Structure formats: C-alpha cells, structure tokens
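Pasted below: start.cif, mmCIF, C-alpha atoms and all ligand atoms.
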data_input
#
loop_
_atom_site.label_atom_id
_atom_site.label_comp_id
_atom_site.auth_asym_id
_atom_site.auth_seq_id
_atom_site.Cartn_x
_atom_site.Cartn_y
_atom_site.Cartn_z
CA MET G 1 11.22 -33.74 29.04
CA SER G 2 9.70 -35.33 32.10
CA TYR G 3 10.91 -34.02 35.38
CA GLU G 4 10.45 -36.53 38.15
CA ARG G 5 11.90 -34.61 41.05
CA SER G 6 8.74 -33.28 42.64
CA VAL G 7 7.64 -35.11 45.75
CA SER G 8 4.22 -33.53 45.52
CA ALA G 9 3.32 -35.03 42.16
CA PRO G 10 -0.33 -36.06 42.26
CA SER G 11 -0.19 -39.79 41.64
CA HIS G 12 2.80 -41.64 42.94
CA GLU G 13 3.27 -44.17 45.66
CA LEU G 14 6.86 -43.32 46.45
CA SER G 15 8.23 -41.25 49.31
CA PRO G 16 11.19 -38.87 49.32
CA GLU G 17 14.65 -40.42 49.24
CA THR G 18 16.17 -40.92 52.69
CA VAL G 19 19.18 -43.10 51.87
CA TRP G 20 22.46 -42.45 50.13
CA HIS G 21 25.07 -44.94 49.15
CA ILE G 22 28.62 -44.79 47.89
CA GLN G 23 30.51 -47.51 46.12
CA MET G 24 34.18 -47.16 45.28
CA PRO G 25 37.00 -49.30 44.01
CA GLN G 26 39.90 -49.83 46.39
CA ILE G 27 42.08 -46.73 46.01
CA ARG G 28 45.87 -46.73 46.25
CA PHE G 29 47.40 -43.29 45.82
CA GLY G 30 50.84 -41.72 45.80
CA ARG G 31 54.29 -41.40 44.29
CA ASP G 32 55.46 -44.76 42.93
CA ALA G 33 52.20 -46.50 43.81
CA THR G 34 52.87 -48.33 40.51
CA ASP G 35 55.34 -50.47 42.46
CA GLU G 36 52.41 -51.82 44.51
CA LEU G 37 50.30 -52.94 41.54
CA ALA G 38 51.21 -56.63 41.97
CA PHE G 39 50.37 -56.44 45.67
CA GLN G 40 47.07 -54.83 44.73
CA LEU G 41 46.26 -57.65 42.31
CA HIS G 42 47.09 -60.31 44.91
CA ASP G 43 44.88 -58.46 47.36
CA LEU G 44 42.02 -58.78 44.87
CA GLY G 45 42.57 -62.54 44.79
CA VAL G 46 44.65 -62.84 41.62
CA ASP G 47 46.86 -65.97 41.71
CA GLU G 48 50.66 -65.99 41.42
CA ASP G 49 50.68 -67.53 37.94
CA ALA G 50 47.79 -65.54 36.52
CA HIS G 51 47.79 -64.23 32.95
CA GLY G 52 46.69 -60.63 32.59
CA LEU G 53 46.18 -58.03 29.89
CA VAL G 54 47.34 -54.41 30.04
CA ILE G 55 45.03 -52.24 27.90
CA THR G 56 46.74 -49.01 26.86
CA ASP G 57 47.79 -46.98 23.82
CA GLY G 58 50.87 -46.62 21.62
CA ASN G 59 51.88 -43.27 23.05
CA LEU G 60 52.23 -44.72 26.54
CA VAL G 61 54.33 -47.53 25.09
CA ASP G 62 56.63 -44.90 23.51
CA ILE G 63 56.91 -42.92 26.76
CA GLY G 64 57.92 -46.07 28.66
CA HIS G 65 55.06 -46.29 31.17
CA VAL G 66 53.84 -49.58 29.70
CA GLU G 67 57.27 -51.18 30.03
CA ARG G 68 57.47 -50.02 33.65
CA VAL G 69 54.14 -51.66 34.48
CA GLN G 70 54.79 -54.80 32.45
CA THR G 71 58.24 -55.35 33.96
CA HIS G 72 56.87 -54.87 37.46
CA LEU G 73 54.11 -57.44 36.86
CA GLU G 74 56.43 -59.97 35.22
CA ASP G 75 58.95 -59.61 38.05
CA ALA G 76 56.10 -60.50 40.40
CA GLY G 77 55.48 -63.72 38.45
CA PHE G 78 52.49 -62.80 36.31
CA ALA G 79 52.28 -63.46 32.58
CA VAL G 80 51.33 -60.24 30.81
CA ASP G 81 50.07 -59.37 27.33
CA VAL G 82 49.72 -55.80 26.12
CA TYR G 83 46.95 -54.40 23.93
CA ASP G 84 48.15 -50.95 22.84
CA GLU G 85 45.56 -49.97 20.24
CA SER G 86 43.06 -48.15 22.45
CA GLU G 87 41.58 -45.20 20.56
CA ARG G 88 40.74 -41.77 21.84
CA GLU G 89 37.01 -41.56 22.64
CA PRO G 90 36.59 -45.25 21.75
CA SER G 91 34.02 -46.27 19.16
CA ILE G 92 32.08 -49.53 19.17
CA ALA G 93 34.51 -50.78 16.50
CA ALA G 94 37.47 -49.91 18.72
CA ILE G 95 36.02 -51.96 21.57
CA GLU G 96 35.28 -54.84 19.20
CA ASN G 97 38.90 -54.72 18.11
CA CYS G 98 40.03 -55.18 21.71
CA LEU G 99 37.44 -57.93 22.24
CA ASP G 100 38.77 -59.75 19.15
CA PHE G 101 42.30 -59.53 20.58
CA VAL G 102 41.15 -61.09 23.86
CA HIS G 103 39.19 -63.83 22.09
CA ASP G 104 42.11 -64.62 19.77
CA GLU G 105 44.57 -64.87 22.66
CA LYS G 106 42.45 -66.41 25.41
CA GLY G 107 39.13 -67.56 23.91
CA GLU G 108 35.71 -66.75 25.34
CA ALA G 109 36.84 -66.82 28.96
CA GLY G 110 39.40 -64.05 28.50
CA TYR G 111 42.23 -63.13 30.84
CA ASP G 112 42.60 -63.67 34.59
CA PHE G 113 42.91 -59.93 35.22
CA TYR G 114 42.92 -56.62 33.34
CA VAL G 115 44.87 -53.41 33.86
CA GLY G 116 43.71 -50.24 32.11
CA LEU G 117 46.65 -47.82 31.84
CA GLY G 118 46.22 -44.34 30.36
CA GLY G 119 43.68 -41.56 30.04
CA GLY G 120 39.92 -41.97 30.13
CA SER G 121 39.79 -43.59 26.71
CA CYS G 122 42.20 -46.41 27.65
CA MET G 123 40.42 -46.93 30.94
CA ASP G 124 36.98 -46.97 29.28
CA THR G 125 38.25 -49.47 26.71
CA ALA G 126 39.42 -51.70 29.58
CA LYS G 127 36.15 -51.30 31.51
CA THR G 128 33.95 -52.11 28.53
CA THR G 129 36.12 -54.99 27.35
CA ARG G 130 36.08 -56.71 30.73
CA ALA G 131 32.33 -56.19 31.09
CA VAL G 132 31.49 -57.59 27.65
CA ILE G 133 33.80 -60.59 28.06
CA ALA G 134 32.17 -61.37 31.42
CA ASN G 135 28.57 -60.90 30.24
CA GLY G 136 28.81 -62.10 26.62
CA GLY G 137 27.49 -60.50 23.44
CA GLY G 138 28.74 -57.11 22.23
CA PRO G 139 28.94 -53.54 23.57
CA LEU G 140 25.65 -52.45 21.98
CA ASP G 141 23.77 -55.04 24.04
CA TYR G 142 24.48 -53.00 27.17
CA ILE G 143 24.03 -49.45 25.89
CA ALA G 144 20.65 -47.98 26.83
CA GLU G 145 17.78 -48.11 24.36
CA PRO G 146 17.07 -46.87 21.74
CA THR G 147 20.75 -46.85 20.67
CA GLY G 148 21.48 -50.26 22.17
CA GLU G 149 19.53 -53.13 23.64
CA GLY G 150 19.65 -51.86 27.22
CA GLU G 151 20.35 -55.27 28.73
CA PRO G 152 21.56 -55.09 32.32
CA LEU G 153 25.06 -56.27 33.16
CA THR G 154 24.92 -59.06 35.72
CA GLU G 155 28.61 -59.97 36.07
CA SER G 156 31.68 -57.89 36.85
CA GLY G 157 34.24 -60.41 35.62
CA PRO G 158 37.83 -60.94 36.81
CA PRO G 159 39.70 -58.17 38.65
CA LEU G 160 40.25 -54.88 36.84
CA VAL G 161 42.74 -52.29 38.07
CA LEU G 162 42.85 -48.83 36.49
CA MET G 163 45.89 -46.56 36.42
CA PRO G 164 45.25 -43.01 35.16
CA THR G 165 48.06 -41.12 33.43
CA THR G 166 46.04 -37.90 33.33
CA ALA G 167 44.46 -35.97 36.20
CA GLY G 168 40.99 -35.56 34.84
CA THR G 169 38.36 -38.03 33.77
CA GLY G 170 37.76 -39.96 36.97
CA ALA G 171 37.19 -43.07 34.85
CA GLU G 172 39.30 -44.96 37.40
CA ILE G 173 36.49 -44.82 39.95
CA SER G 174 33.34 -44.14 37.93
CA PRO G 175 30.55 -46.66 37.18
CA VAL G 176 30.31 -45.52 33.57
CA SER G 177 32.22 -46.12 30.38
CA ILE G 178 31.67 -43.77 27.46
CA LEU G 179 31.59 -45.00 23.88
CA SER G 180 30.96 -43.19 20.64
CA VAL G 181 28.40 -44.66 18.28
CA GLU G 182 29.74 -43.26 15.04
CA GLU G 183 26.88 -44.01 12.68
CA LYS G 184 24.52 -42.06 14.95
CA GLU G 185 27.03 -39.31 15.80
CA ILE G 186 26.39 -39.72 19.51
CA LYS G 187 28.21 -40.72 22.64
CA GLU G 188 26.60 -43.18 24.98
CA GLY G 189 27.49 -44.54 28.37
CA ILE G 190 27.30 -48.04 29.73
CA SER G 191 26.33 -47.29 33.28
CA SER G 192 26.47 -50.01 35.93
CA ASN G 193 28.30 -50.85 39.09
CA HIS G 194 29.55 -53.92 37.20
CA VAL G 195 31.53 -51.56 34.94
CA ARG G 196 33.38 -50.07 37.89
CA ALA G 197 36.97 -51.18 38.45
CA ASP G 198 37.94 -53.22 41.50
CA ALA G 199 40.89 -50.98 42.29
CA ALA G 200 42.45 -47.72 41.16
CA VAL G 201 46.20 -47.21 41.48
CA LEU G 202 47.04 -43.53 41.12
CA ASP G 203 50.70 -42.62 40.74
CA PRO G 204 51.54 -38.95 40.05
CA THR G 205 54.90 -39.99 38.56
CA LEU G 206 52.89 -41.36 35.61
CA THR G 207 51.40 -37.91 34.96
CA THR G 208 54.50 -35.68 34.64
CA THR G 209 54.89 -36.64 30.97
CA LEU G 210 51.52 -35.15 30.05
CA PRO G 211 52.07 -32.07 27.83
CA PRO G 212 50.67 -28.65 28.89
CA GLU G 213 47.70 -28.70 26.54
CA LEU G 214 46.43 -32.08 27.67
CA THR G 215 47.15 -31.19 31.29
CA ALA G 216 44.88 -28.16 30.92
CA LYS G 217 42.13 -30.00 29.07
CA THR G 218 41.95 -32.91 31.51
CA ALA G 219 42.11 -30.53 34.48
CA MET G 220 39.05 -28.70 33.21
CA ASP G 221 37.17 -32.00 33.13
CA ALA G 222 38.16 -32.68 36.74
CA LEU G 223 37.12 -29.20 37.78
CA GLY G 224 33.84 -29.71 35.93
CA HIS G 225 33.12 -32.86 37.96
CA ALA G 226 33.85 -31.05 41.21
CA MET G 227 31.69 -28.04 40.28
CA GLU G 228 28.78 -30.07 38.94
CA GLY G 229 28.93 -32.34 41.98
CA TYR G 230 28.89 -29.31 44.28
CA THR G 231 25.92 -27.69 42.61
CA THR G 232 23.68 -30.61 41.63
CA HIS G 233 20.45 -31.36 43.50
CA GLU G 234 20.50 -32.98 46.92
CA TYR G 235 19.99 -36.74 47.11
CA ASP G 236 16.76 -36.34 49.11
CA SER G 237 15.13 -34.26 46.39
CA LEU G 238 14.59 -37.50 44.47
CA LEU G 239 12.04 -40.20 45.16
CA ARG G 240 13.12 -43.32 47.01
CA PRO G 241 12.95 -46.38 44.76
CA THR G 242 10.97 -49.34 46.08
CA ASP G 243 13.91 -51.58 45.11
CA PRO G 244 17.36 -50.31 46.22
CA ALA G 245 18.82 -51.87 43.08
CA GLU G 246 16.95 -49.23 41.10
CA ARG G 247 18.62 -46.30 42.83
CA PRO G 248 20.43 -44.42 40.02
CA VAL G 249 24.24 -44.38 40.04
CA TYR G 250 24.05 -40.57 39.83
CA ALA G 251 21.86 -39.95 42.85
CA GLY G 252 22.47 -36.37 43.97
CA ARG G 253 24.86 -34.68 46.35
CA THR G 254 25.35 -35.96 49.87
CA PRO G 255 27.37 -34.72 52.88
CA LEU G 256 30.19 -36.99 51.71
CA THR G 257 30.28 -35.81 48.10
CA GLU G 258 30.11 -32.22 49.31
CA MET G 259 33.31 -32.65 51.33
CA PHE G 260 35.12 -34.13 48.35
CA SER G 261 33.86 -31.39 46.00
CA GLU G 262 35.18 -28.65 48.24
CA LYS G 263 38.61 -30.21 48.63
CA ALA G 264 38.78 -30.99 44.90
CA ILE G 265 38.04 -27.38 43.92
CA ASP G 266 40.74 -26.13 46.31
CA LEU G 267 43.36 -28.58 45.02
CA LEU G 268 42.57 -28.12 41.33
CA SER G 269 42.15 -24.35 41.23
CA ASN G 270 45.33 -23.79 43.27
CA ASN G 271 47.55 -26.17 41.28
CA VAL G 272 46.40 -26.20 37.67
CA ARG G 273 48.46 -23.18 36.62
CA LYS G 274 51.62 -24.73 38.14
CA ALA G 275 50.99 -28.14 36.55
CA VAL G 276 50.35 -26.65 33.10
CA HIS G 277 53.27 -24.22 33.13
CA ASN G 278 55.76 -26.58 34.81
CA GLY G 279 54.89 -30.20 34.14
CA ASP G 280 57.81 -31.48 36.22
CA ASP G 281 56.43 -29.94 39.42
CA LEU G 282 55.66 -33.27 41.06
CA GLU G 283 53.96 -31.69 44.06
CA ALA G 284 51.55 -29.83 41.76
CA ARG G 285 51.01 -33.03 39.74
CA GLU G 286 50.26 -34.96 42.93
CA ASN G 287 47.79 -32.30 44.04
CA MET G 288 46.13 -32.35 40.62
CA LEU G 289 45.81 -36.14 40.61
CA GLN G 290 44.36 -36.01 44.11
CA GLY G 291 42.02 -33.16 43.11
CA ALA G 292 40.84 -35.08 40.06
CA LEU G 293 40.20 -38.17 42.18
CA PHE G 294 38.25 -36.18 44.76
CA GLY G 295 36.33 -34.36 42.03
CA ALA G 296 35.36 -37.70 40.54
CA ILE G 297 34.34 -39.17 43.90
CA ALA G 298 32.06 -36.15 44.30
CA GLY G 299 30.80 -35.42 40.81
CA LEU G 300 30.59 -38.97 39.51
CA THR G 301 28.61 -40.08 42.56
CA ALA G 302 26.38 -37.03 42.95
CA GLY G 303 26.08 -36.83 39.20
CA ALA G 304 27.41 -34.90 36.26
CA SER G 305 24.62 -32.91 34.71
CA LEU G 306 23.91 -30.23 32.09
CA CYS G 307 27.47 -29.37 31.09
CA HIS G 308 28.40 -33.01 30.52
CA ALA G 309 25.11 -33.65 28.72
CA MET G 310 25.90 -30.83 26.27
CA ALA G 311 29.54 -31.86 25.87
CA TYR G 312 28.83 -35.32 24.47
CA PRO G 313 27.07 -34.27 21.24
CA VAL G 314 29.82 -31.69 20.63
CA GLY G 315 32.59 -34.24 21.19
CA ASN G 316 30.98 -36.79 18.98
CA LYS G 317 30.30 -34.52 16.03
CA TYR G 318 33.48 -32.43 16.14
CA HIS G 319 35.88 -34.92 17.79
CA THR G 320 36.95 -32.38 20.37
CA TYR G 321 38.60 -33.46 23.61
CA HIS G 322 36.11 -34.06 26.39
CA GLY G 323 37.82 -31.83 28.97
CA GLU G 324 38.26 -28.99 26.53
CA THR G 325 34.58 -29.17 25.59
CA ILE G 326 33.66 -29.10 29.27
CA ALA G 327 35.88 -26.02 29.67
CA MET G 328 34.07 -24.20 26.85
CA LEU G 329 30.59 -25.05 28.19
CA THR G 330 31.06 -24.55 31.94
CA PRO G 331 30.68 -20.73 32.08
CA ALA G 332 27.33 -20.73 30.22
CA SER G 333 25.86 -23.96 31.63
CA THR G 334 27.17 -24.86 35.09
CA ILE G 335 27.64 -21.25 36.18
CA ASP G 336 25.33 -18.90 34.26
CA TYR G 337 22.29 -21.09 33.71
CA ASN G 338 22.41 -23.20 36.86
CA SER G 339 23.25 -20.45 39.34
CA ALA G 340 19.55 -19.53 39.44
CA SER G 341 18.89 -22.91 41.08
CA ASP G 342 20.65 -21.87 44.30
CA PRO G 343 22.46 -18.49 44.14
CA LYS G 344 23.88 -18.78 47.66
CA ARG G 345 25.57 -22.04 46.80
CA PHE G 346 27.16 -20.41 43.75
CA ALA G 347 28.32 -17.54 45.94
CA SER G 348 30.11 -20.02 48.19
CA LEU G 349 31.56 -21.69 45.09
CA ALA G 350 32.91 -18.27 44.09
CA ARG G 351 34.64 -17.98 47.48
CA ARG G 352 36.25 -21.40 46.98
CA PHE G 353 37.73 -19.99 43.77
CA GLY G 354 39.24 -17.17 45.79
CA VAL G 355 36.69 -14.46 44.94
CA ASP G 356 36.12 -11.89 47.71
CA THR G 357 32.33 -11.73 47.68
CA THR G 358 32.02 -9.18 50.50
CA GLY G 359 29.16 -6.81 49.73
CA MET G 360 27.98 -8.79 46.69
CA THR G 361 24.52 -10.23 46.21
CA PRO G 362 24.56 -13.98 45.46
CA GLY G 363 23.83 -13.14 41.82
CA GLU G 364 26.80 -10.78 41.66
CA ALA G 365 28.96 -13.44 43.28
CA ALA G 366 27.93 -15.94 40.61
CA ASP G 367 28.92 -13.42 37.94
CA ALA G 368 32.26 -12.96 39.67
CA LEU G 369 32.71 -16.73 39.75
CA LYS G 370 32.25 -16.83 35.99
CA GLY G 371 34.86 -14.10 35.59
CA GLU G 372 37.33 -15.95 37.82
CA TYR G 373 36.76 -19.26 36.02
CA VAL G 374 37.26 -17.69 32.58
CA GLN G 375 40.40 -15.92 33.84
CA LEU G 376 41.76 -19.27 35.02
CA GLN G 377 41.28 -20.68 31.53
CA ARG G 378 42.96 -17.66 29.94
CA ASP G 379 45.92 -17.96 32.31
CA LEU G 380 46.55 -21.51 31.09
CA ASN G 381 47.26 -20.08 27.64
CA VAL G 382 46.37 -23.25 25.77
CA LEU G 383 42.57 -23.26 25.72
CA PRO G 384 40.32 -21.76 23.04
CA SER G 385 37.95 -18.88 23.78
CA GLY G 386 34.70 -20.72 23.13
CA LEU G 387 33.01 -23.37 21.01
CA ASN G 388 33.52 -21.20 17.94
CA GLU G 389 37.30 -21.18 18.25
CA LEU G 390 37.32 -24.78 19.50
CA ALA G 391 35.70 -26.33 16.44
CA GLY G 392 34.34 -23.59 14.19
CA ILE G 393 30.87 -24.04 15.67
CA THR G 394 28.43 -21.24 14.76
CA GLU G 395 24.81 -20.41 15.52
CA ASP G 396 23.82 -22.47 12.47
CA ASP G 397 25.02 -25.62 14.23
CA VAL G 398 23.27 -25.02 17.52
CA ASP G 399 19.80 -26.38 16.65
CA TRP G 400 21.22 -29.84 15.97
CA LEU G 401 23.40 -29.80 19.09
CA ALA G 402 20.50 -28.76 21.34
CA LYS G 403 18.22 -31.42 19.88
CA GLN G 404 20.84 -34.13 20.31
CA THR G 405 21.48 -33.10 23.90
CA VAL G 406 17.83 -33.37 24.86
CA GLU G 407 17.18 -36.55 22.88
CA THR G 408 20.24 -38.55 23.90
CA GLN G 409 21.35 -37.27 27.32
CA ALA G 410 18.29 -37.67 29.53
CA ARG G 411 20.45 -39.75 31.89
CA LEU G 412 22.47 -36.62 32.74
CA LEU G 413 19.80 -33.94 32.30
CA ARG G 414 17.63 -35.51 34.96
CA CYS G 415 20.42 -34.70 37.45
CA ASN G 416 20.47 -31.02 36.60
CA PRO G 417 19.59 -28.76 39.54
CA ARG G 418 17.45 -26.54 37.29
CA PRO G 419 14.88 -27.91 34.83
CA VAL G 420 16.05 -27.55 31.28
CA VAL G 421 14.26 -27.75 27.93
CA GLU G 422 15.60 -27.71 24.38
CA GLU G 423 15.20 -23.93 23.99
CA ASP G 424 17.33 -23.39 27.10
CA VAL G 425 20.02 -25.73 25.80
CA HIS G 426 19.97 -23.85 22.51
CA ASP G 427 20.57 -20.50 24.23
CA ILE G 428 23.33 -21.92 26.44
CA PHE G 429 25.14 -23.25 23.36
CA VAL G 430 24.93 -19.80 21.77
CA ASP G 431 26.38 -18.24 24.94
CA ALA G 432 29.23 -20.76 24.91
CA LEU G 433 30.34 -19.89 21.37
CA HIS G 434 32.47 -17.03 22.74
CA ASN G 435 33.60 -16.97 26.38
CA TRP G 436 36.05 -14.14 25.74
CA GLU G 437 37.44 -12.10 22.87
CA PRO G 438 40.53 -13.99 21.65
FE FE M 1 33.88 -35.59 32.48
#
Show the structure stored in the file as structure tokens.
Amino acid sequence: MSYERSVSAPSHELSPETVWHIQMPQIRFGRDATDELAFQLHDLGVDEDAHGLVITDGNLVDIGHVERVQTHLEDAGFAVDVYDESEREPSIAAIENCLDFVHDEKGEAGYDFYVGLGGGSCMDTAKTTRAVIANGGGPLDYIAEPTGEGEPLTESGPPLVLMPTTAGTGAEISPVSILSVEEKEIKEGISSNHVRADAAVLDPTLTTTLPPELTAKTAMDALGHAMEGYTTHEYDSLLRPTDPAERPVYAGRTPLTEMFSEKAIDLLSNNVRKAVHNGDDLEARENMLQGALFGAIAGLTAGASLCHAMAYPVGNKYHTYHGETIAMLTPASTIDYNSASDPKRFASLARRFGVDTTGMTPGEAADALKGEYVQLQRDLNVLPSGLNELAGITEDDVDWLAKQTVETQARLLRCNPRPVVEEDVHDIFVDALHNWEP
C-alpha cells in the first residue's frame, strides 16, 4: 500500500500539516436529557408544527423507549412517525427500505426532522437516510469507489438528532455511517461532515435496559476508539492539503483528542465491570455513556485505524457484533503490533489501565497492558476468548480476511501509527484467534 506520511518524500509540493480542526454536533448529556429533545429541535430551527420521523428498531419499541420519545415530541406539538425496522449492521437494502418508507409517507422532500434512536445501527440508518434524501440518488452513489460511485455529499438536509441507547459506537457524533454491501461481503463507510448529526442527546436512563452481553460488547468498541485515538499518529505527521476541504475527517491526534482519550479510558476501564454486572447502576451507566462519548470525540476525530480496519471484514463475513470483534482484535493489533510505533506512549496507556509500570521497560509495560486488557475482558464473563471462539475462524480463513482488510480498508489503514502490509495483517489475525485459553 502507499504510505503518504513522510514529509521528506522526494517529489511533493506540500508542507507538513500545521492545522487541526474539530467539528461536533451540539451535545446534550445527562439523566433525563430525553425530556429536552423538543427544546433541542427548536434550537436547531425546527418549527412548532413540524413533522418528524423517529428511526429505531422493534426492540426499543418493546422496551418502551420509543413511546417515551414519541409522547414527549407529540406533547411539544410535533407530528411524529416511527420507522422501527432498522437492521443490525444495516445493508444497502435495509437503507433502501427506510428510504422507501420516507418517500411513501412524505415524497421526495422527506420529513422536517429526523431522530435516530438506538445503537449504532439505528443511528447509521438515520444518518444515511437523511443524507440520501437530501442529496438524491441511492446509498451506493456516496460510498467510495470501487464499491460505490464516490460522489461527494453536498447537502446535510433537515435537522438530525441522535440518541444512543448503548455506550459504545460513537455514531452520535461521528462523520461516518457504516453499511454492509452484502453481495461483496464487505462493510463500507460513507464519510462526510454532511453525514454528521446536528445534535446528540445522550441520556443514561436509556441505557440501563441494555443486557450484560451487549453492554460488554459496546463498551469494548468505546474503549477501542479511546485506545486507537490515543495511539494513532499525530496530526502534524501528515501533509497539509492545499485545500482545507480536502483535510481527511480522520486527521490524527491533537492536544484536544488526547485529553478526551485519557478521560475516556479512565471512565470506561473503571466502570465497565460495574455496568456489565449490575445494569441498574445508573452512576456506572452515566460514566460509561460519558466515556463512550469522550472516546468517540477522541478516536473518531483522530482516527480509528488498524483494529477497526480488520474488524469490518470479520463483521461482514461472520455477522459478529462490531464491539465484540474489536475486543477480539485489540490485543494483537492495537497493543501488540502497534506498540512498536511508540513504546513510551503504550507504557503510559498501561498506567491509565492501572498497571504499575515501575521498573519496566516500555516494551514490558506494553506486554503488561495487554495482560490487563485481556483480564478486563475475562472479568466481564460474557466475551469469547478470541476470533476462533467468536465465529469459528481458523488459520484457513485468515488469507481472505487479510486480503479484504488491505483491499477495502485503506481509509483506516492510512491512519495507523505503524505501516502495515498484508503479511502483517495476516499474522495479527492469527494472533487474535486465541487471546486466552477458554
Ligand atoms: Fe467502532
């Protein structure tokens, strides 16, 4: 793969990056923040008599969260429809289904506002639906070539507010929506600031209903964002684009993302056991939701990298949960492989996880970090011991996975702090088959 980091490359006219930038939705956080959703919509310019769509799934209808949101909005004077057929890891067909619903109900123009309520899949369905309605055509038009047409989004569309019911994906603030392209067995992202929501309303009381297994899986995704954000390359190791519009959305770590990574790792590593083992612990849930938000602000600005790149082919072929896949891959990729990029940084990451690194070399500290991270997973009692236990993956499957990672995930691999080629990815997959003896 090409590696365009070097500022001493022989023939370029660009200079090193000197500027960083952060773009975020409005963020409203805290217990019963749901009760301020209507205020939030008004603040975004939505009229009193507007007609909106809540995009969610059937499970959240059954739990009662959808009714809570719908009643609140209707009491505030809005007309509200509900689309509750979002699919996990949405396919192109799933998005088209939601687009058909919008067209049938409201024609080409669509609704006056959208609310995405649920986990990452519901929120990504809402993000993609709003973007496609606003820009016309279909989802494949905006997925990067060669899978899609790679057309740029030029419009954001009417206000979109996202409300996560898991503490994990960071979809509520990220500029990316992930779709699976089933016929090609790959996952692809539509990546644009026009995909980003206008506001995120995060209410920990919506997360207490999440069962232990999903709490653990989504938490591992959040922790992955924080760790990848903390250890990715610095923003000024890239080249400065001549046009600021061409600055990538994943642009390296900055002093700001670093602060959020550190706080996220503290919050997540100190609360995940409590949240998994006692889902009603609202304080732990609040800390997890905050940790996931901070992890996303860090990792999904600085950039997810190798671990996420490897997770997408696995998720698409074996239909595993994203966070669980991240959990299986983190020890071999983010920790083992990448620690060579900056051992001292990994030693300080170990200390954030509570490891006493006194007297250790940075390399030993990185090993201790891996031990601590794996122990955390084991303590949660609901996660598999590696890719083999997760989905029956064996060494025979690794060639395909490594090839897919390199061929389809260049967007993420270019953010990795250590150069990586297909042979490396192959070996990391083999390492990740067994993180511990079950
Ligand atoms: Fe993720």
Write out as a Markdown table the residues of chain G that have any atom within 9 Å of an atom of ligand FE 1 (chain M), one row each with the nearest atom pair and its distance in Å to one decimal, counting all atoms listed in the file, sorted by chain and then rising number.
| residue | atom | partner | partner_atom | distance |
| --- | --- | --- | --- | --- |
| G:Gly168 | CA | M:FE1 | FE | 7.5 |
| G:Thr169 | CA | M:FE1 | FE | 5.3 |
| G:Gly170 | CA | M:FE1 | FE | 7.4 |
| G:Ala171 | CA | M:FE1 | FE | 8.5 |
| G:Thr218 | CA | M:FE1 | FE | 8.6 |
| G:Met220 | CA | M:FE1 | FE | 8.6 |
| G:Asp221 | CA | M:FE1 | FE | 4.9 |
| G:Ala222 | CA | M:FE1 | FE | 6.7 |
| G:Leu223 | CA | M:FE1 | FE | 8.9 |
| G:Gly224 | CA | M:FE1 | FE | 6.8 |
| G:His225 | CA | M:FE1 | FE | 6.2 |
| G:Ala296 | CA | M:FE1 | FE | 8.5 |
| G:Gly299 | CA | M:FE1 | FE | 8.9 |
| G:Leu300 | CA | M:FE1 | FE | 8.5 |
| G:Ala304 | CA | M:FE1 | FE | 7.5 |
| G:His308 | CA | M:FE1 | FE | 6.4 |
| G:Ala311 | CA | M:FE1 | FE | 8.7 |
| G:His322 | CA | M:FE1 | FE | 6.7 |
| G:Gly323 | CA | M:FE1 | FE | 6.5 |
| G:Ile326 | CA | M:FE1 | FE | 7.2 |
Could you please take those selected residues and save C-alpha atoms as a compact mmCIF listing (two decimals), in the frame of the given file?
# COMPACT_ATOMS: atom_id res chain seq x y z
CA GLY G 168 40.99 -35.56 34.84
CA THR G 169 38.36 -38.03 33.77
CA GLY G 170 37.76 -39.96 36.97
CA ALA G 171 37.19 -43.07 34.85
CA THR G 218 41.95 -32.91 31.51
CA MET G 220 39.05 -28.70 33.21
CA ASP G 221 37.17 -32.00 33.13
CA ALA G 222 38.16 -32.68 36.74
CA LEU G 223 37.12 -29.20 37.78
CA GLY G 224 33.84 -29.71 35.93
CA HIS G 225 33.12 -32.86 37.96
CA ALA G 296 35.36 -37.70 40.54
CA GLY G 299 30.80 -35.42 40.81
CA LEU G 300 30.59 -38.97 39.51
CA ALA G 304 27.41 -34.90 36.26
CA HIS G 308 28.40 -33.01 30.52
CA ALA G 311 29.54 -31.86 25.87
CA HIS G 322 36.11 -34.06 26.39
CA GLY G 323 37.82 -31.83 28.97
CA ILE G 326 33.66 -29.10 29.27
Nearest residue to Val19 in chain G from the set G:Leu162, G:Leu239, G:Ile55, G:Ala144 (distances using all atoms listed in the file) = G:Leu239
Produce a table with one row for each residue of range 166-215 of chain G that has an atom at most 10 Å from any atom of range 103-125 of chain G, each row naming the nearest atom pair and its distance in Å at one decimal; use only C-alpha atoms; arrange rows by chain and rising residue number; format as CSV.
residue,atom,partner,partner_atom,distance
G:Thr166,CA,G:Gly119,CA,5.5
G:Ala167,CA,G:Gly119,CA,8.4
G:Gly168,CA,G:Gly120,CA,8.0
G:Thr169,CA,G:Gly120,CA,5.6
G:Gly170,CA,G:Gly120,CA,7.4
G:Ala171,CA,G:Gly120,CA,5.6
G:Glu172,CA,G:Met123,CA,6.8
G:Ser174,CA,G:Asp124,CA,9.8
G:Val176,CA,G:Asp124,CA,8.1
G:Ser177,CA,G:Asp124,CA,5.0
G:Ile178,CA,G:Asp124,CA,6.5
G:Leu179,CA,G:Asp124,CA,7.9
G:Gly189,CA,G:Asp124,CA,9.8
G:Ile190,CA,G:Asp124,CA,9.7
G:Val195,CA,G:Asp124,CA,9.1
G:Arg196,CA,G:Asp124,CA,9.8
G:Ala197,CA,G:Met123,CA,9.3
G:Ala199,CA,G:Val115,CA,9.6
G:Ala200,CA,G:Gly116,CA,9.5
G:Val201,CA,G:Leu117,CA,9.7
G:Leu206,CA,G:Gly118,CA,9.0
G:Thr207,CA,G:Gly118,CA,9.5
For C-alpha atoms, I'd like the residues from the last selection saved as a short mmCIF file (atom, residue, chain, number, x, y, z; two decimals), in the coordinates of the input.
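Wrote result_24.cif, looks like this:
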data_model
loop_
_atom_site.label_atom_id
_atom_site.label_comp_id
_atom_site.auth_asym_id
_atom_site.auth_seq_id
_atom_site.Cartn_x
_atom_site.Cartn_y
_atom_site.Cartn_z
CA THR G 166 46.04 -37.90 33.33
CA ALA G 167 44.46 -35.97 36.20
CA GLY G 168 40.99 -35.56 34.84
CA THR G 169 38.36 -38.03 33.77
CA GLY G 170 37.76 -39.96 36.97
CA ALA G 171 37.19 -43.07 34.85
CA GLU G 172 39.30 -44.96 37.40
CA SER G 174 33.34 -44.14 37.93
CA VAL G 176 30.31 -45.52 33.57
CA SER G 177 32.22 -46.12 30.38
CA ILE G 178 31.67 -43.77 27.46
CA LEU G 179 31.59 -45.00 23.88
CA GLY G 189 27.49 -44.54 28.37
CA ILE G 190 27.30 -48.04 29.73
CA VAL G 195 31.53 -51.56 34.94
CA ARG G 196 33.38 -50.07 37.89
CA ALA G 197 36.97 -51.18 38.45
CA ALA G 199 40.89 -50.98 42.29
CA ALA G 200 42.45 -47.72 41.16
CA VAL G 201 46.20 -47.21 41.48
CA LEU G 206 52.89 -41.36 35.61
CA THR G 207 51.40 -37.91 34.96
#
Provide the CA of Ala79 in chain G to CA of Leu41 in chain G distance in Å, to one decimal place.
-> 12.8 Å
Using all atoms listed in the file, find all polymer residues with an atom at most 12 Å away from the point (12.4, -48.5, 45.6); report them as a PyMOL selection string.
-> chain G and resi 13-19+238-248
